[in-house]
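**Student:** Attaching a single structure in structure tokens format; questions to follow.
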Amino acid sequence: MRFMAIIKATKESEAGAPPDPKFMADMGKYNEELIKAGVVLAMDGLHPSSKGARVKFSGQSRTVVDGPFTETKELIAGFWILQVKSLQEAIEWIKRCPTYDAGDYEVEIRQVFEMEEFAPILSEEEIQHKVRARAQLPNQTTDK
């Protein structure tokens with residue numbers, strides 16, 4: 001099972017302030033643990049929303065809204081994609097994440113859909129085509 005662990009933004013991350021060097025060192029050690037355990041498929045931090053944009057869809061219309069965005073609690077500062085056996089295992093890994101002394105932060109965990117879950121609406125041929133296409137992407141795995 002794959003899970004996305006979403007690191008919620010804080011006022012500090014949205015301000016573009018560099019993280020505390022000790023926190024970054026602790027996070028580096030934690031990320032190494034994830035890598036050594038073979039549970040992380042991808043991970044990265046994100047620039048503040050002031051350097052981003054949103055594209056809003058309404059029928060055939062597309063509207064671009066430049067950042068920054070005001071609702072910090074709804075923004076993402078970074079993520080991990082974890083491959084583990086269960087939500088509980090993902091929770092246990094995230095609970096080991098270093099604490100940020102400058103303030104509180106939150107990590108949301110969401111399961112990533114697997115193509116097989118779309119069996120009620122896609123044919124087996126369509127599912128296999130999508131699985132093969134995903135496997136061709138860099139750093140992708142089809143192991144479960």
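Chain identifiers are assigned as A, B, and so on, following the order in which chains appear in the structure tokens; residues are numbered from 1 within each chain, and ligands are numbered from 1 in order of appearance.
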Can you pull out every residue within 12 Å of Gly78 in chain A, counting only C-alpha atoms, but drop anything in the same chain fewer than 4 positions away, and send it as a PyMOL selection string?

**Tutor:** chain A and resi 4-10+13-14+42-49+105-108

**Student:** Take the residues just selected and output them with N, CA and C atoms as a PDB file, in the first residue's frame.

**Tutor:**
ATOM      1  N   MET A   4       0.541   8.834   1.079  1.00  0.00           N
ATOM      2  CA  MET A   4       1.179  10.140   0.988  1.00  0.00           C
ATOM      3  C   MET A   4       1.081  10.786   2.365  1.00  0.00           C
ATOM      4  N   ALA A   5       2.211  11.155   2.909  1.00  0.00           N
ATOM      5  CA  ALA A   5       2.262  11.896   4.159  1.00  0.00           C
ATOM      6  C   ALA A   5       2.482  13.358   3.785  1.00  0.00           C
ATOM      7  N   ILE A   6       1.510  14.183   4.094  1.00  0.00           N
ATOM      8  CA  ILE A   6       1.492  15.577   3.673  1.00  0.00           C
ATOM      9  C   ILE A   6       1.872  16.463   4.848  1.00  0.00           C
ATOM     10  N   ILE A   7       2.991  17.153   4.723  1.00  0.00           N
ATOM     11  CA  ILE A   7       3.445  18.056   5.775  1.00  0.00           C
ATOM     12  C   ILE A   7       2.734  19.382   5.572  1.00  0.00           C
ATOM     13  N   LYS A   8       1.919  19.755   6.540  1.00  0.00           N
ATOM     14  CA  LYS A   8       1.159  20.992   6.421  1.00  0.00           C
ATOM     15  C   LYS A   8       2.085  22.196   6.622  1.00  0.00           C
ATOM     16  N   ALA A   9       1.782  23.265   5.905  1.00  0.00           N
ATOM     17  CA  ALA A   9       2.572  24.490   6.000  1.00  0.00           C
ATOM     18  C   ALA A   9       2.355  25.157   7.364  1.00  0.00           C
ATOM     19  N   THR A  10       3.317  25.967   7.731  1.00  0.00           N
ATOM     20  CA  THR A  10       3.221  26.795   8.940  1.00  0.00           C
ATOM     21  C   THR A  10       3.448  28.242   8.525  1.00  0.00           C
ATOM     22  N   SER A  13       7.058  28.414   7.383  1.00  0.00           N
ATOM     23  CA  SER A  13       7.372  27.857   6.062  1.00  0.00           C
ATOM     24  C   SER A  13       6.798  28.735   4.960  1.00  0.00           C
ATOM     25  N   GLU A  14       5.630  29.328   5.194  1.00  0.00           N
ATOM     26  CA  GLU A  14       5.025  30.217   4.200  1.00  0.00           C
ATOM     27  C   GLU A  14       5.770  31.539   4.092  1.00  0.00           C
ATOM     28  N   ALA A  42       9.274   8.542  -2.481  1.00  0.00           N
ATOM     29  CA  ALA A  42       9.569   9.913  -2.897  1.00  0.00           C
ATOM     30  C   ALA A  42       9.423  10.818  -1.686  1.00  0.00           C
ATOM     31  N   MET A  43      10.123  11.943  -1.714  1.00  0.00           N
ATOM     32  CA  MET A  43      10.001  12.925  -0.628  1.00  0.00           C
ATOM     33  C   MET A  43      10.587  14.240  -1.095  1.00  0.00           C
ATOM     34  N   ASP A  44       9.977  15.311  -0.687  1.00  0.00           N
ATOM     35  CA  ASP A  44      10.497  16.631  -1.001  1.00  0.00           C
ATOM     36  C   ASP A  44       9.787  17.697  -0.186  1.00  0.00           C
ATOM     37  N   GLY A  45      10.458  18.828  -0.066  1.00  0.00           N
ATOM     38  CA  GLY A  45       9.859  20.007   0.523  1.00  0.00           C
ATOM     39  C   GLY A  45       9.414  20.933  -0.600  1.00  0.00           C
ATOM     40  N   LEU A  46       8.503  21.827  -0.285  1.00  0.00           N
ATOM     41  CA  LEU A  46       7.962  22.734  -1.290  1.00  0.00           C
ATOM     42  C   LEU A  46       8.263  24.188  -0.921  1.00  0.00           C
ATOM     43  N   HIS A  47       8.473  25.005  -1.934  1.00  0.00           N
ATOM     44  CA  HIS A  47       8.620  26.442  -1.725  1.00  0.00           C
ATOM     45  C   HIS A  47       7.312  27.002  -1.185  1.00  0.00           C
ATOM     46  N   PRO A  48       7.338  28.198  -0.596  1.00  0.00           N
ATOM     47  CA  PRO A  48       6.104  28.814  -0.105  1.00  0.00           C
ATOM     48  C   PRO A  48       5.113  29.062  -1.245  1.00  0.00           C
ATOM     49  N   SER A  49       3.855  29.198  -0.890  1.00  0.00           N
ATOM     50  CA  SER A  49       2.818  29.402  -1.903  1.00  0.00           C
ATOM     51  C   SER A  49       2.992  30.711  -2.660  1.00  0.00           C
ATOM     52  N   TYR A 105       3.434  21.617  14.079  1.00  0.00           N
ATOM     53  CA  TYR A 105       3.110  21.345  12.697  1.00  0.00           C
ATOM     54  C   TYR A 105       2.335  20.040  12.636  1.00  0.00           C
ATOM     55  N   GLU A 106       1.757  19.776  11.496  1.00  0.00           N
ATOM     56  CA  GLU A 106       0.875  18.627  11.335  1.00  0.00           C
ATOM     57  C   GLU A 106       1.226  17.880  10.060  1.00  0.00           C
ATOM     58  N   VAL A 107       1.097  16.552  10.100  1.00  0.00           N
ATOM     59  CA  VAL A 107       1.313  15.720   8.926  1.00  0.00           C
ATOM     60  C   VAL A 107       0.035  14.906   8.708  1.00  0.00           C
ATOM     61  N   GLU A 108      -0.554  15.051   7.541  1.00  0.00           N
ATOM     62  CA  GLU A 108      -1.754  14.307   7.165  1.00  0.00           C
ATOM     63  C   GLU A 108      -1.324  13.085   6.361  1.00  0.00           C
TER      64      GLU A 108
END

**Student:** Chain A: which residues are helix (DSSP H, G or I) by DSSP, as a short mmCIF file (atom, residue, chain, number, x, y, z; two decimals) with N, CA and C atoms, in the first residue's frame?

**Tutor:**
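The file below, result11.cif, is the result:
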data_model
loop_
_atom_site.label_atom_id
_atom_site.label_comp_id
_atom_site.auth_asym_id
_atom_site.auth_seq_id
_atom_site.Cartn_x
_atom_site.Cartn_y
_atom_site.Cartn_z
N LYS A 11 3.23 29.15 9.44
CA LYS A 11 3.50 30.56 9.14
C LYS A 11 4.97 30.74 8.75
N GLU A 12 5.85 29.99 9.42
CA GLU A 12 7.28 30.09 9.14
C GLU A 12 7.62 29.56 7.74
N SER A 13 7.06 28.41 7.38
CA SER A 13 7.37 27.86 6.06
C SER A 13 6.80 28.73 4.96
N GLU A 14 5.63 29.33 5.19
CA GLU A 14 5.03 30.22 4.20
C GLU A 14 5.77 31.54 4.09
N ALA A 15 6.45 31.94 5.15
CA ALA A 15 7.24 33.17 5.12
C ALA A 15 8.54 32.96 4.35
N PRO A 21 18.77 24.82 11.46
CA PRO A 21 19.77 23.82 11.02
C PRO A 21 19.70 22.50 11.80
N LYS A 22 19.44 22.56 13.09
CA LYS A 22 19.33 21.32 13.88
C LYS A 22 18.12 20.51 13.42
N PHE A 23 17.01 21.18 13.17
CA PHE A 23 15.82 20.48 12.68
C PHE A 23 16.12 19.83 11.33
N MET A 24 16.81 20.54 10.45
CA MET A 24 17.15 19.99 9.14
C MET A 24 18.07 18.77 9.28
N ALA A 25 19.01 18.83 10.22
CA ALA A 25 19.90 17.68 10.45
C ALA A 25 19.09 16.49 10.98
N ASP A 26 18.18 16.76 11.94
CA ASP A 26 17.33 15.70 12.48
C ASP A 26 16.44 15.11 11.40
N MET A 27 15.90 15.97 10.53
CA MET A 27 15.04 15.51 9.45
C MET A 27 15.85 14.66 8.46
N GLY A 28 17.10 15.07 8.22
CA GLY A 28 17.97 14.29 7.33
C GLY A 28 18.20 12.88 7.87
N LYS A 29 18.42 12.77 9.19
CA LYS A 29 18.61 11.45 9.82
C LYS A 29 17.33 10.62 9.70
N TYR A 30 16.20 11.26 9.94
CA TYR A 30 14.92 10.57 9.83
C TYR A 30 14.70 10.06 8.40
N ASN A 31 14.97 10.92 7.43
CA ASN A 31 14.81 10.51 6.03
C ASN A 31 15.73 9.35 5.68
N GLU A 32 16.93 9.33 6.23
CA GLU A 32 17.85 8.21 6.02
C GLU A 32 17.27 6.92 6.58
N GLU A 33 16.61 7.00 7.74
CA GLU A 33 15.95 5.82 8.31
C GLU A 33 14.88 5.29 7.36
N LEU A 34 14.08 6.21 6.80
CA LEU A 34 13.04 5.81 5.86
C LEU A 34 13.64 5.12 4.64
N ILE A 35 14.74 5.68 4.13
CA ILE A 35 15.40 5.12 2.96
C ILE A 35 15.97 3.74 3.28
N LYS A 36 16.70 3.62 4.41
CA LYS A 36 17.29 2.34 4.79
C LYS A 36 16.24 1.26 5.00
N ALA A 37 15.08 1.66 5.51
CA ALA A 37 13.99 0.70 5.74
C ALA A 37 13.28 0.33 4.44
N SER A 49 3.86 29.20 -0.89
CA SER A 49 2.82 29.40 -1.90
C SER A 49 2.99 30.71 -2.66
N SER A 50 3.77 31.66 -2.11
CA SER A 50 4.02 32.92 -2.82
C SER A 50 4.76 32.68 -4.13
N LYS A 51 5.40 31.52 -4.26
CA LYS A 51 6.11 31.18 -5.49
C LYS A 51 5.31 30.24 -6.37
N THR A 72 -3.06 29.23 5.55
CA THR A 72 -1.86 28.43 5.78
C THR A 72 -2.20 27.00 6.17
N LYS A 73 -3.24 26.80 6.97
CA LYS A 73 -3.58 25.45 7.43
C LYS A 73 -3.99 24.53 6.29
N GLU A 74 -4.33 25.08 5.13
CA GLU A 74 -4.71 24.27 3.98
C GLU A 74 -3.55 24.05 3.00
N LEU A 87 -2.11 1.48 7.05
CA LEU A 87 -2.18 2.85 7.57
C LEU A 87 -1.48 2.92 8.91
N GLN A 88 -1.66 1.91 9.75
CA GLN A 88 -1.03 1.91 11.07
C GLN A 88 0.49 1.98 10.96
N GLU A 89 1.08 1.25 10.00
CA GLU A 89 2.53 1.32 9.81
C GLU A 89 2.96 2.70 9.36
N ALA A 90 2.17 3.32 8.47
CA ALA A 90 2.48 4.69 8.03
C ALA A 90 2.42 5.64 9.22
N ILE A 91 1.41 5.49 10.06
CA ILE A 91 1.29 6.33 11.26
C ILE A 91 2.50 6.17 12.15
N GLU A 92 2.92 4.92 12.37
CA GLU A 92 4.08 4.67 13.24
C GLU A 92 5.34 5.35 12.69
N TRP A 93 5.54 5.29 11.37
CA TRP A 93 6.70 5.97 10.79
C TRP A 93 6.60 7.48 10.99
N ILE A 94 5.45 8.06 10.73
CA ILE A 94 5.30 9.51 10.84
C ILE A 94 5.42 9.97 12.29
N LYS A 95 4.97 9.18 13.23
CA LYS A 95 5.11 9.56 14.65
C LYS A 95 6.58 9.68 15.05
N MET A 115 -4.45 1.05 -9.03
CA MET A 115 -5.30 0.89 -10.22
C MET A 115 -6.35 -0.20 -10.03
N GLU A 116 -6.00 -1.25 -9.32
CA GLU A 116 -6.93 -2.36 -9.13
C GLU A 116 -8.21 -1.92 -8.41
N GLU A 117 -8.14 -0.84 -7.66
CA GLU A 117 -9.32 -0.35 -6.95
C GLU A 117 -10.37 0.23 -7.90
N PHE A 118 -9.97 0.47 -9.14
CA PHE A 118 -10.90 1.00 -10.13
C PHE A 118 -11.57 -0.09 -10.95
N GLU A 124 -10.19 -4.76 -17.24
CA GLU A 124 -8.87 -5.31 -16.87
C GLU A 124 -7.80 -4.79 -17.83
N GLU A 125 -8.14 -4.68 -19.11
CA GLU A 125 -7.19 -4.16 -20.10
C GLU A 125 -6.81 -2.71 -19.78
N GLU A 126 -7.77 -1.88 -19.41
CA GLU A 126 -7.48 -0.48 -19.06
C GLU A 126 -6.61 -0.39 -17.81
N ILE A 127 -6.91 -1.23 -16.84
CA ILE A 127 -6.12 -1.25 -15.60
C ILE A 127 -4.68 -1.64 -15.91
N GLN A 128 -4.48 -2.71 -16.67
CA GLN A 128 -3.14 -3.17 -17.00
C GLN A 128 -2.37 -2.13 -17.82
N HIS A 129 -3.06 -1.45 -18.71
CA HIS A 129 -2.42 -0.38 -19.50
C HIS A 129 -1.90 0.71 -18.57
N LYS A 130 -2.72 1.13 -17.60
CA LYS A 130 -2.32 2.18 -16.67
C LYS A 130 -1.19 1.71 -15.74
N VAL A 131 -1.23 0.46 -15.32
CA VAL A 131 -0.16 -0.10 -14.48
C VAL A 131 1.15 -0.11 -15.25
N ARG A 132 1.11 -0.53 -16.52
CA ARG A 132 2.34 -0.53 -17.35
C ARG A 132 2.85 0.89 -17.57
N ALA A 133 1.95 1.82 -17.81
CA ALA A 133 2.35 3.22 -18.02
C ALA A 133 3.02 3.78 -16.77
N ARG A 134 2.45 3.49 -15.60
CA ARG A 134 3.05 3.98 -14.35
C ARG A 134 4.42 3.37 -14.13
N ALA A 135 4.57 2.10 -14.46
CA ALA A 135 5.86 1.42 -14.27
C ALA A 135 6.95 2.03 -15.13
#

**Student:** Near Met1 in chain A, within 8 Å and counting only C-alpha atoms, which residues show up once chain neighbours fewer than 6 positions away are dropped, as a PyMOL selection string?

**Tutor:** chain A and resi 83-86+111-112+114+144

**Student:** Please compute the CA of Ser58 in chain A-CA of Phe3 in chain A distance, one decimal, in Å.

**Tutor:**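 A separation of 29.3 Å between them.
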
**Student:** Can you work out the spacing between CA of Leu122 in chain A and CA of Leu137 in chain A in Å, to one decimal?

**Tutor:** 21.2 Å

**Student:** Hey, can you check how far CA of Arg54 in chain A sits from CA of Pro68 in chain A?

**Tutor:**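 Between these atoms lies a distance of 9.8 Å.
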
**Student:** With distances taken over only C-alpha atoms, which of A:Pro120, A:Gly59, A:Pro98, A:Gly38 is nearest to Leu82 in chain A?

**Tutor:** A:Gly38

**Student:** Skip Val65 in chain A itself and residues of its chain fewer than 4 positions away, then list as a PyMOL selection string all residues within 10 Å of it, counting only C-alpha atoms.

**Tutor:** chain A and resi 52-56+69

**Student:** Run DSSP on the backbone of this structure and report the residues of range 2-143 of chain A it assigns to strand (DSSP E or B), as a VMD selection string.

**Tutor:** chain A and resid 2 to 8 40 to 45 53 to 58 61 to 66 76 to 83 107 to 111

**Student:** Convert the current residue selection to file output with N, CA, C and O atoms, as a compact mmCIF listing (two decimals), in the first residue's frame.

**Tutor:**
# COMPACT_ATOMS: atom_id res chain seq x y z
N ARG A 2 0.45 2.22 -0.77
CA ARG A 2 1.17 3.49 -0.78
C ARG A 2 0.36 4.54 -0.03
O ARG A 2 -0.86 4.59 -0.14
N PHE A 3 1.08 5.36 0.72
CA PHE A 3 0.47 6.46 1.45
C PHE A 3 1.25 7.73 1.19
O PHE A 3 2.48 7.70 1.08
N MET A 4 0.54 8.83 1.08
CA MET A 4 1.18 10.14 0.99
C MET A 4 1.08 10.79 2.36
O MET A 4 -0.02 10.90 2.93
N ALA A 5 2.21 11.15 2.91
CA ALA A 5 2.26 11.90 4.16
C ALA A 5 2.48 13.36 3.79
O ALA A 5 3.51 13.70 3.19
N ILE A 6 1.51 14.18 4.09
CA ILE A 6 1.49 15.58 3.67
C ILE A 6 1.87 16.46 4.85
O ILE A 6 1.15 16.51 5.85
N ILE A 7 2.99 17.15 4.72
CA ILE A 7 3.44 18.06 5.78
C ILE A 7 2.73 19.38 5.57
O ILE A 7 2.91 20.04 4.55
N LYS A 8 1.92 19.75 6.54
CA LYS A 8 1.16 20.99 6.42
C LYS A 8 2.09 22.20 6.62
O LYS A 8 3.04 22.15 7.40
N VAL A 40 10.31 4.54 1.74
CA VAL A 40 10.05 5.82 1.09
C VAL A 40 10.24 5.69 -0.43
O VAL A 40 11.24 5.16 -0.88
N LEU A 41 9.24 6.14 -1.18
CA LEU A 41 9.33 6.12 -2.64
C LEU A 41 9.69 7.49 -3.19
O LEU A 41 10.30 7.61 -4.24
N ALA A 42 9.27 8.54 -2.48
CA ALA A 42 9.57 9.91 -2.90
C ALA A 42 9.42 10.82 -1.69
O ALA A 42 8.68 10.50 -0.74
N MET A 43 10.12 11.94 -1.71
CA MET A 43 10.00 12.93 -0.63
C MET A 43 10.59 14.24 -1.10
O MET A 43 11.56 14.26 -1.85
N ASP A 44 9.98 15.31 -0.69
CA ASP A 44 10.50 16.63 -1.00
C ASP A 44 9.79 17.70 -0.19
O ASP A 44 8.66 17.50 0.28
N GLY A 45 10.46 18.83 -0.07
CA GLY A 45 9.86 20.01 0.52
C GLY A 45 9.41 20.93 -0.60
O GLY A 45 9.89 20.81 -1.73
N ALA A 53 1.14 28.93 -7.94
CA ALA A 53 -0.10 29.36 -8.57
C ALA A 53 -1.12 28.24 -8.43
O ALA A 53 -0.77 27.09 -8.18
N ARG A 54 -2.38 28.59 -8.63
CA ARG A 54 -3.47 27.61 -8.68
C ARG A 54 -4.18 27.79 -10.01
O ARG A 54 -4.34 28.91 -10.48
N VAL A 55 -4.61 26.69 -10.57
CA VAL A 55 -5.42 26.74 -11.78
C VAL A 55 -6.81 26.25 -11.40
O VAL A 55 -6.96 25.11 -10.95
N LYS A 56 -7.79 27.13 -11.55
CA LYS A 56 -9.17 26.78 -11.21
C LYS A 56 -9.89 26.38 -12.48
O LYS A 56 -9.79 27.05 -13.51
N PHE A 57 -10.65 25.28 -12.40
CA PHE A 57 -11.38 24.74 -13.54
C PHE A 57 -12.87 24.97 -13.32
O PHE A 57 -13.40 24.69 -12.26
N SER A 58 -13.53 25.50 -14.35
CA SER A 58 -14.98 25.66 -14.34
C SER A 58 -15.47 25.37 -15.75
O SER A 58 -15.33 26.21 -16.64
N SER A 61 -13.49 26.56 -18.84
CA SER A 61 -12.73 27.74 -18.46
C SER A 61 -11.60 27.38 -17.49
O SER A 61 -11.76 26.52 -16.63
N ARG A 62 -10.47 28.07 -17.64
CA ARG A 62 -9.32 27.91 -16.74
C ARG A 62 -8.93 29.29 -16.24
O ARG A 62 -8.71 30.20 -17.03
N THR A 63 -8.80 29.43 -14.92
CA THR A 63 -8.40 30.69 -14.32
C THR A 63 -7.16 30.44 -13.47
O THR A 63 -7.14 29.53 -12.65
N VAL A 64 -6.14 31.25 -13.67
CA VAL A 64 -4.90 31.12 -12.90
C VAL A 64 -4.89 32.17 -11.79
O VAL A 64 -5.13 33.35 -12.04
N VAL A 65 -4.63 31.69 -10.58
CA VAL A 65 -4.53 32.58 -9.42
C VAL A 65 -3.11 32.43 -8.88
O VAL A 65 -2.69 31.32 -8.52
N ASP A 66 -2.38 33.53 -8.86
CA ASP A 66 -1.01 33.50 -8.34
C ASP A 66 -1.02 33.51 -6.81
O ASP A 66 -1.90 34.11 -6.19
N ILE A 76 0.48 22.99 1.78
CA ILE A 76 1.43 21.89 1.95
C ILE A 76 2.86 22.43 1.90
O ILE A 76 3.20 23.21 1.01
N ALA A 77 3.69 22.00 2.84
CA ALA A 77 5.09 22.42 2.87
C ALA A 77 6.02 21.33 2.35
O ALA A 77 7.17 21.59 2.02
N GLY A 78 5.53 20.09 2.31
CA GLY A 78 6.36 18.99 1.84
C GLY A 78 5.58 17.69 1.90
O GLY A 78 4.42 17.66 2.30
N PHE A 79 6.24 16.59 1.49
CA PHE A 79 5.55 15.30 1.45
C PHE A 79 6.52 14.15 1.42
O PHE A 79 7.69 14.30 1.09
N TRP A 80 6.01 12.99 1.78
CA TRP A 80 6.66 11.71 1.56
C TRP A 80 5.64 10.81 0.88
O TRP A 80 4.44 10.90 1.17
N ILE A 81 6.09 9.94 0.01
CA ILE A 81 5.27 8.84 -0.49
C ILE A 81 5.89 7.59 0.14
O ILE A 81 7.06 7.28 -0.11
N LEU A 82 5.12 6.91 0.97
CA LEU A 82 5.60 5.74 1.68
C LEU A 82 4.92 4.48 1.13
O LEU A 82 3.74 4.51 0.80
N GLN A 83 5.68 3.41 1.06
CA GLN A 83 5.11 2.12 0.70
C GLN A 83 5.25 1.22 1.92
O GLN A 83 6.36 0.82 2.29
N VAL A 107 1.10 16.55 10.10
CA VAL A 107 1.31 15.72 8.93
C VAL A 107 0.03 14.91 8.71
O VAL A 107 -0.41 14.19 9.60
N GLU A 108 -0.55 15.05 7.54
CA GLU A 108 -1.75 14.31 7.16
C GLU A 108 -1.32 13.09 6.36
O GLU A 108 -0.42 13.18 5.53
N ILE A 109 -1.96 11.95 6.60
CA ILE A 109 -1.62 10.71 5.90
C ILE A 109 -2.83 10.26 5.09
O ILE A 109 -3.92 10.10 5.65
N ARG A 110 -2.61 10.05 3.79
CA ARG A 110 -3.70 9.62 2.91
C ARG A 110 -3.22 8.47 2.03
O ARG A 110 -2.12 8.50 1.50
N GLN A 111 -4.06 7.46 1.88
CA GLN A 111 -3.72 6.33 1.03
C GLN A 111 -3.83 6.73 -0.44
O GLN A 111 -4.73 7.46 -0.84
